[in-house]
Amino acid sequence: MTKIKLCGLSRPCDIEAANKIKPDFVGFVFAEKSKRYVTSQTAAKLKQLLSSGILAVGVFVNETTEKIADLANNGIIDIVQLHGNEDECYIRQLKRLTDKPIIKAFRMETKNDIAFMEQCSADYILLDSGAGSGATFDWDLIQDIHRPYFLAGGLDIENAENAVRRLSPYAVDVSSGIETDGLKDKTKMAAFAAAVRKEEKI
């Protein structure tokens, strides 16, 4: 069954909606340049409101390993997502500091990228079209990928069901596709989850 990650949650009402929808993951964005940025203090408060069955993913862009490990080891996040230029050396260093799972995001451009991605030592990989571009990439490029992955980039209510049917990803990751005027929309959040789960019921 494809898992669901609702990313970029930043308000208590977002968490309240997520608790009702019951995705597998929610994402807190710690990249300061992002419009969805949350401070460590805000994330801690949101995590306290989050139902215990939902895992909190911290999204980082070229952050220090020490700061990430501090958030992970203090229980503010359950999983680390790296969305910058972090290399294998960086991942190894982070793994020495925390035992929390790591997701490494990759920009999917050509089929030649797949071999490199499949060798990544992170616990999971995430395939995206760009740094929060909100656009899909050519899904034909990943038809032959063997490693389980998070599918991101341009997902929304309209294409979620098709993505699950066609690709059977480990998880789907959505952010802008569940927003209205730049804020999370609880109706769109619920509709996205329903679209993903609809395919699973067939």
# chains A, B, ... in the order shown; residues from 1 in each chain; ligands from 1

call {"tool": "residues_around", "arguments": {"residues": "region 51-68 of chain A", "least_positions_apart": "6", "cutoff": "6 Å", "atoms": "only C-alpha atoms", "output": "MDAnalysis selection string"}}
result
chainID A and resid 19 24:31 77:84 94

call {"tool": "residues_around", "arguments": {"residues": "Phe150 (chain A)", "least_positions_apart": "4", "cutoff": "7 Å", "atoms": "only C-alpha atoms", "output": "VMD selection string"}}
result
chain A and resid 125 to 127 169 to 173

call {"tool": "residues_around", "arguments": {"residues": "Ala190 (chain A)", "least_positions_apart": "6", "cutoff": "9 Å", "atoms": "only C-alpha atoms", "output": "count of residues only"}}
result
5

call {"tool": "residues_around", "arguments": {"residues": "region 155-168 of chain A", "least_positions_apart": "5", "cutoff": "9 Å", "atoms": "only C-alpha atoms", "output": "list in words"}}
result
Met1, Thr2, Gly134, Ala135, Thr136, Trp139, Ile142, Gln143, Asp173, Val174, Ser175, Ser176, Gly177, Ile178, Lys188, Met189, Ala191, Phe192, Ala193, Ala194, Ala195, Val196, Arg197, Lys198, Glu199 and Glu200 of chain A

call {"tool": "write_last_selection", "arguments": {"atoms": "N, CA and C atoms", "output": "PDB file, in the first residue's frame"}}
result
ATOM      1  N   MET A   1       0.843  -1.196   0.000  1.00  0.00           N
ATOM      2  CA  MET A   1       0.000   0.000   0.000  1.00  0.00           C
ATOM      3  C   MET A   1       0.878   1.246   0.000  1.00  0.00           C
ATOM      4  N   THR A   2       0.630   2.147  -0.908  1.00  0.00           N
ATOM      5  CA  THR A   2       1.405   3.380  -0.998  1.00  0.00           C
ATOM      6  C   THR A   2       1.152   4.264   0.221  1.00  0.00           C
ATOM      7  N   GLY A 134       6.865  22.312  -7.664  1.00  0.00           N
ATOM      8  CA  GLY A 134       5.430  22.086  -7.826  1.00  0.00           C
ATOM      9  C   GLY A 134       5.057  21.526  -9.180  1.00  0.00           C
ATOM     10  N   ALA A 135       6.036  21.027  -9.927  1.00  0.00           N
ATOM     11  CA  ALA A 135       5.785  20.465 -11.257  1.00  0.00           C
ATOM     12  C   ALA A 135       6.143  18.985 -11.270  1.00  0.00           C
ATOM     13  N   THR A 136       5.487  18.232 -12.115  1.00  0.00           N
ATOM     14  CA  THR A 136       5.814  16.816 -12.254  1.00  0.00           C
ATOM     15  C   THR A 136       7.023  16.664 -13.180  1.00  0.00           C
ATOM     16  N   TRP A 139       7.480  10.708 -15.729  1.00  0.00           N
ATOM     17  CA  TRP A 139       7.432   9.455 -14.972  1.00  0.00           C
ATOM     18  C   TRP A 139       7.968   8.260 -15.753  1.00  0.00           C
ATOM     19  N   ILE A 142      11.343   6.645 -14.619  1.00  0.00           N
ATOM     20  CA  ILE A 142      11.542   5.792 -13.438  1.00  0.00           C
ATOM     21  C   ILE A 142      10.791   4.466 -13.531  1.00  0.00           C
ATOM     22  N   GLN A 143      10.409   4.088 -14.719  1.00  0.00           N
ATOM     23  CA  GLN A 143       9.700   2.825 -14.890  1.00  0.00           C
ATOM     24  C   GLN A 143      10.565   1.634 -14.471  1.00  0.00           C
ATOM     25  N   ASP A 173       4.407  12.158  -1.899  1.00  0.00           N
ATOM     26  CA  ASP A 173       4.739  13.320  -1.069  1.00  0.00           C
ATOM     27  C   ASP A 173       4.142  14.566  -1.725  1.00  0.00           C
ATOM     28  N   VAL A 174       3.264  15.244  -1.013  1.00  0.00           N
ATOM     29  CA  VAL A 174       2.567  16.397  -1.583  1.00  0.00           C
ATOM     30  C   VAL A 174       2.711  17.610  -0.675  1.00  0.00           C
ATOM     31  N   SER A 175       2.806  18.789  -1.284  1.00  0.00           N
ATOM     32  CA  SER A 175       2.855  20.030  -0.513  1.00  0.00           C
ATOM     33  C   SER A 175       1.978  21.094  -1.169  1.00  0.00           C
ATOM     34  N   SER A 176       2.458  21.685  -2.267  1.00  0.00           N
ATOM     35  CA  SER A 176       1.676  22.752  -2.910  1.00  0.00           C
ATOM     36  C   SER A 176       0.346  22.240  -3.445  1.00  0.00           C
ATOM     37  N   GLY A 177       0.268  20.954  -3.762  1.00  0.00           N
ATOM     38  CA  GLY A 177      -0.964  20.377  -4.305  1.00  0.00           C
ATOM     39  C   GLY A 177      -2.107  20.289  -3.321  1.00  0.00           C
ATOM     40  N   ILE A 178      -1.829  20.573  -2.046  1.00  0.00           N
ATOM     41  CA  ILE A 178      -2.894  20.563  -1.035  1.00  0.00           C
ATOM     42  C   ILE A 178      -3.002  21.944  -0.376  1.00  0.00           C
ATOM     43  N   LYS A 188      -8.547  19.895   0.642  1.00  0.00           N
ATOM     44  CA  LYS A 188      -7.639  19.323  -0.357  1.00  0.00           C
ATOM     45  C   LYS A 188      -6.775  18.225   0.249  1.00  0.00           C
ATOM     46  N   MET A 189      -6.374  18.396   1.503  1.00  0.00           N
ATOM     47  CA  MET A 189      -5.582  17.366   2.182  1.00  0.00           C
ATOM     48  C   MET A 189      -6.367  16.061   2.243  1.00  0.00           C
ATOM     49  N   ALA A 191      -8.961  15.191   0.365  1.00  0.00           N
ATOM     50  CA  ALA A 191      -9.250  14.695  -0.982  1.00  0.00           C
ATOM     51  C   ALA A 191      -8.032  13.998  -1.591  1.00  0.00           C
ATOM     52  N   PHE A 192      -6.835  14.527  -1.321  1.00  0.00           N
ATOM     53  CA  PHE A 192      -5.612  13.890  -1.830  1.00  0.00           C
ATOM     54  C   PHE A 192      -5.446  12.503  -1.223  1.00  0.00           C
ATOM     55  N   ALA A 193      -5.600  12.422   0.077  1.00  0.00           N
ATOM     56  CA  ALA A 193      -5.465  11.124   0.741  1.00  0.00           C
ATOM     57  C   ALA A 193      -6.504  10.133   0.228  1.00  0.00           C
ATOM     58  N   ALA A 194      -7.717  10.615   0.014  1.00  0.00           N
ATOM     59  CA  ALA A 194      -8.780   9.749  -0.493  1.00  0.00           C
ATOM     60  C   ALA A 194      -8.451   9.245  -1.891  1.00  0.00           C
ATOM     61  N   ALA A 195      -7.853  10.107  -2.717  1.00  0.00           N
ATOM     62  CA  ALA A 195      -7.493   9.711  -4.077  1.00  0.00           C
ATOM     63  C   ALA A 195      -6.431   8.618  -4.066  1.00  0.00           C
ATOM     64  N   VAL A 196      -5.454   8.747  -3.198  1.00  0.00           N
ATOM     65  CA  VAL A 196      -4.408   7.726  -3.078  1.00  0.00           C
ATOM     66  C   VAL A 196      -5.007   6.418  -2.585  1.00  0.00           C
ATOM     67  N   ARG A 197      -5.846   6.502  -1.578  1.00  0.00           N
ATOM     68  CA  ARG A 197      -6.415   5.292  -0.983  1.00  0.00           C
ATOM     69  C   ARG A 197      -7.473   4.655  -1.857  1.00  0.00           C
ATOM     70  N   LYS A 198      -8.080   5.435  -2.718  1.00  0.00           N
ATOM     71  CA  LYS A 198      -9.066   4.883  -3.657  1.00  0.00           C
ATOM     72  C   LYS A 198      -8.430   3.844  -4.549  1.00  0.00           C
ATOM     73  N   GLU A 199      -7.234   4.143  -5.057  1.00  0.00           N
ATOM     74  CA  GLU A 199      -6.536   3.207  -5.927  1.00  0.00           C
ATOM     75  C   GLU A 199      -6.167   1.931  -5.172  1.00  0.00           C
ATOM     76  N   GLU A 200      -5.866   2.069  -3.905  1.00  0.00           N
ATOM     77  CA  GLU A 200      -5.494   0.908  -3.113  1.00  0.00           C
ATOM     78  C   GLU A 200      -6.669  -0.038  -2.886  1.00  0.00           C
TER      79      GLU A 200
END
